Every structure is written in C-alpha cells, then in structure tokens.
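The block underneath contains the structure these notes are about, expressed in structure tokens.
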Amino acid sequence: MLIQLGDRRIKTVLQALEADVPPGVSALAGLVNLSPSRLEHLFKRETGLPLRDYVFQCRLGRAAALLASSDEPVKSVAFAVGYRHASSFIRAFLLRFSENPTAYRKRIQSNANCVALNANRIQLQS
C-alpha cells in the first residue's frame, strides 16, 4: 500500500510495524514521544486507517506467514507475533481468515505439496 505521508512520526511508526514482532500502540507511542490516543489520531489522519486495526493486520499477516512456513506450535506462533494468550490469537485469526490457524496451516501446506508434486511430475515427463 503506497501512502503519501507528511508526518515523520507516522513514517517511524510504519517502519517499526515492519519488525518481526509488531509492537503495540503504547510502545509505538513511546517510540515517537506521543500519547497513545494522540498517535492513534495522527495515524488515522495520515493513513485513513485506525492504528489498532493496522497493528492487528500486521500481526495476523506475520502469523499467517509463520504458519505457512514452519511447524511451530500455534501457541508459539501466537507469542511470536505479540499475543499473550493463544486463545485471543485463535479468535483473532478466525475473524481475519475465516478458519482457525491449524486448518489454515494444513490447507496452505497441502496446496504447497500439491504444487511440488505437479512440478516433479512435469520434470519427470520432460
């Protein structure tokens, strides 16, 4: 998403959100010396998106990538992306992706296996 930003503090926040574990709103506010409520107001004004929603999407996107590329337990993935409780993570993941993390992982890894098998068949036929 390409957003033209005028406020350097919001640029700093967006860069911090690209870290492996996106920080929460309070930590982001501390990073740019603003109160959480002021940061949320500025973020929405600059990007058009609520900051909490953006953080939520960053964490879940990171979680989906981890689930697809590793065999780490769901609880470990939840903690790795900043959730304190696996149950909160599972609920949020289900809301975002319409399936639980375990089902998502099975579907993604199954699709990857099918692609790999088809690629091997094509190579064998050549």
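Going through the structure tokens in order, the chains are called A, B, and so on, while each chain numbers its residues from 1 and the ligands are numbered from 1 in the order shown.
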### Query
What lies within 10 Å of A:Asn100 using only C-alpha atoms, ignoring chain neighbours under 4 positions off, as a PyMOL selection string?
chain A and resi 74+89-96+104-105
### Task
Name the residues in contact with stretch 42-56 of chain A at a cut-off of 10 Å, using only C-alpha atoms, excluding same-chain residues fewer than 3 positions from it; report them as number ranges by chain.
A: 2-7, 9-11, 13-14, 17-18, 22-25, 28, 34, 36-39, 59-61, 81-82, 92-93, 96
Keeping only C-alpha atoms, write the selected residues to a file as a compact mmCIF listing (two decimals), in the first residue's frame.
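Wrote again.txt, looks like this:
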# COMPACT_ATOMS: atom_id res chain seq x y z
CA LEU A 2 1.51 3.31 -1.08
CA ILE A 3 0.59 6.16 1.21
CA GLN A 4 2.00 9.68 0.95
CA LEU A 5 2.87 10.70 4.47
CA GLY A 6 3.74 14.14 5.73
CA ASP A 7 4.35 13.38 9.40
CA ARG A 9 6.44 10.26 13.29
CA ILE A 10 3.94 8.19 11.33
CA LYS A 11 6.72 7.09 8.98
CA VAL A 13 5.66 4.01 13.32
CA LEU A 14 5.15 2.28 9.96
CA LEU A 17 5.47 -2.14 12.39
CA GLU A 18 7.55 -3.94 9.78
CA PRO A 22 4.97 -5.53 15.58
CA PRO A 23 4.87 -3.50 18.82
CA GLY A 24 1.62 -2.48 20.46
CA VAL A 25 0.13 1.00 20.37
CA LEU A 28 4.73 2.80 19.29
CA LEU A 34 3.25 10.87 21.83
CA PRO A 36 -1.33 6.55 22.56
CA SER A 37 -4.52 8.50 21.85
CA ARG A 38 -2.63 11.29 20.03
CA LEU A 39 -0.72 8.74 17.96
CA ARG A 59 0.42 -9.32 13.46
CA LEU A 60 -2.01 -11.65 11.72
CA GLY A 61 -0.19 -11.34 8.41
CA VAL A 81 3.63 -12.18 16.84
CA GLY A 82 2.80 -10.45 20.10
CA ALA A 92 -8.49 -13.02 16.03
CA PHE A 93 -7.11 -15.36 13.35
CA ARG A 96 -9.48 -12.42 9.86
### Among listed residues A:Val32, A:Ala78, A:Leu67, A:Ala27, nearest A:Lys106 (using only C-alpha atoms)
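Between A:Val32, A:Ala78, A:Leu67, A:Ala27, the residue approaching A:Lys106 most closely is A:Leu67.
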### Task
Run DSSP on the backbone and give me the residues of chain A it puts in helix (DSSP H, G or I), as a PyMOL selection string.
chain A and resi 8-17+25-31+36-47+51-69+74-80+86-97+101-125
## Note on the structure
A straight line from atom CA of A:Ser87 to atom CA of A:Ser70 spans 19.8 Å
